[in-house]
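J.: Take this structure first; my questions come after.
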Amino acid sequence: MIPAATGSGRAFAALAAAGSIWGTGFLFGKWALTDLSVGQLVLYRFLFASIGFAPATWRALRNPATRIARQDYTLIAVAALVGVPVQFLIQFAGLARTTVSHASLMIGALPVLLAAGSAWFAHEHVTKGRWLALIASMIGAGLIAFGASSGEAGAQASLSGDLLVAVSLLAGVGWILITQALMKTGRYSPVNASAYVMTAGTLMVFVWVIATEGLPPVHLSARTWASVVALGLLATTVTTYLWNWGLAHVPASQAGVFLNFEPVVGTLLGVMVLHDLLGSYSILGGLLVIGAAVFVAASG
């Protein structure tokens, strides 16, 4: 038997790994965008993610106890639509117009937006401190965007790109809350719910890309193929399994702090690998966003 402390340590390691790997997503995405359109990139990402989820999807469909119930088809379809094509087409359209570091800092507002969404739609209690954190996070996001528009973050960053990434977070909150409602039915485990939603979302992206752009190219550079495979299998499938396993062993309030690994790792990769420039407004805004998210997680 594994001692409790050791088990918690492994759970924290899994959560930290998930948050860190999520942080690589924008770097891989920026590399892939050199050969692919936004739609093609999102399609390839989720095709590979669906391959990773295929065993879980197959097992769930074969088991009558976990097969999709008729009354849940609409909920799964809405979660898939909001969580995959809407969220990621907007998010990577923003990435195409801004820097990896700026997009990563914007993502840091997600835990705070999720707290607000839970209060408004799931009627969860949110303290005054969390509302203040939300305000601080929004101010931070504004400073990041202002830094881009004033040119402090380098020529590649733009206000429109930062705003698109910010808008995608609203879709992300909707996706999480809808999926949470799906899991509260008691019929679907977190992995099964993720597998169903991701697979259905991939089919939607496939239809959209084929209808608007035709078949995606297959003659791509080795770096682009490696990037979309990493996005799909590592930054989507593996992170989901790691996160769900860790979440099963520690309280959600403690797990939430590891979401902050994503903007930190993403920003560091943008600065060190792609030589993004962060000015004073962007740094201050990033500290506000990440600090607010840490406060929300620690006070959970």
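Chain lettering (A, B, ...) mirrors the order of the structure tokens, residue numbering begins at 1 for each chain separately, and ligand numbering begins at 1 in order of display.
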Can I get the residues of segment 25-72 of chain A within 12 Å of segment 210-220 of chain A, each with the closest pair of atoms and their distance in Å to one decimal, using only C-alpha atoms, sorted chain first then ascending number, as a Markdown table?
T.:
| residue | atom | partner | partner_atom | distance |
| --- | --- | --- | --- | --- |
| A:Trp31 | CA | A:Leu220 | CA | 11.7 |
| A:Ala32 | CA | A:Leu220 | CA | 9.3 |
| A:Leu33 | CA | A:Leu220 | CA | 11.1 |
| A:Thr34 | CA | A:Leu220 | CA | 9.9 |
| A:Asp35 | CA | A:Leu220 | CA | 6.8 |
| A:Leu36 | CA | A:Pro217 | CA | 7.9 |
| A:Ser37 | CA | A:Pro216 | CA | 8.9 |
| A:Val38 | CA | A:Glu213 | CA | 10.7 |
| A:Gly39 | CA | A:Glu213 | CA | 8.2 |
| A:Gln40 | CA | A:Pro216 | CA | 5.8 |
| A:Leu41 | CA | A:Pro216 | CA | 8.9 |
| A:Val42 | CA | A:Pro216 | CA | 10.7 |
| A:Leu43 | CA | A:Pro216 | CA | 8.5 |
| A:Tyr44 | CA | A:Pro216 | CA | 8.5 |
| A:Leu47 | CA | A:Pro216 | CA | 11.8 |
J.: If we count only C-alpha atoms, what is near Leu163 of chain A at a cut-off of 12 Å, once residues fewer than 3 positions away on the same chain are taken out, given as JSON, numbers by chain?
T.: {"A": [90, 91, 92, 93, 94, 95, 97, 98, 102, 103, 105, 106, 107, 138, 141, 142, 143, 144, 145, 146, 148, 149, 157, 158, 159, 160, 166, 167, 168, 169, 170]}
J.: Taking only C-alpha atoms into account, name the residue in A:Tyr241, A:Trp175, A:Phe206, A:Trp131 that is nearest to Ala116 of chain A.
T.: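 Distance minimum relative to Ala116 of chain A lands on A:Trp131.
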J.: Using DSSP secondary structure from the backbone, list all alpha helix (DSSP H) positions within segment 124-233 of chain A, as a ChimeraX atom specification.
T.: /A:128-149,159-183,190-213,222-229
J.: Write out as a PyMOL selection string the residues lying within 10 Å of Met198 of chain A, counting only C-alpha atoms and excluding same-chain residues fewer than 3 positions away.
T.: chain A and resi 46-47+49-50+53+57+76+79-81+83-84+192-195+201-204+236-237
J.: For Val191 of chain A, which residue out of A:Phe261, A:Phe26, A:Phe88, A:Trp243 is the nearest one, using only C-alpha atoms?
T.: A:Trp243
J.: Rounded to one decimal in Å, what is the spacing between atom CA of Thr239 of chain A and atom CA of Trp22 of chain A?
T.: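 Going from atom CA of Thr239 of chain A over to atom CA of Trp22 of chain A, I get 7.0 Å.
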J.: If we count only C-alpha atoms and set the cut-off at 12 Å, which residues sit around Gly186 of chain A, ignoring sequence neighbours fewer than 6 positions away in its own chain? Please answer as a ChimeraX atom specification.
T.: /A:65-66,68-69,72,179-180,192-193
J.: So, counting only C-alpha atoms, which residue among A:Trp58, A:Leu274, A:Val100, A:Leu164 is closest to Gln87 of chain A?
T.: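 With only C-alpha atoms as the atom set, the closest residue is A:Leu164.
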J.: Please indicate the distance in Å from atom CA of Ala109 of chain A to atom CA of Trp245 of chain A, rounded to one decimal place.
T.: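 Interatomic distance here is 23.7 Å.
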J.: Between atom CA of Val265 of chain A and atom CA of Gly174 of chain A, what is the distance in Å, rounded to a tenth?
T.: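 Distance between the two atoms: 24.5 Å.
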J.: Counting only C-alpha atoms, which of A:Thr240, A:Ser280, A:Gln71, A:Thr199 gets nearest to Gly19 of chain A?
T.: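 Of the candidates, the smallest distance to Gly19 of chain A is held by A:Thr240.
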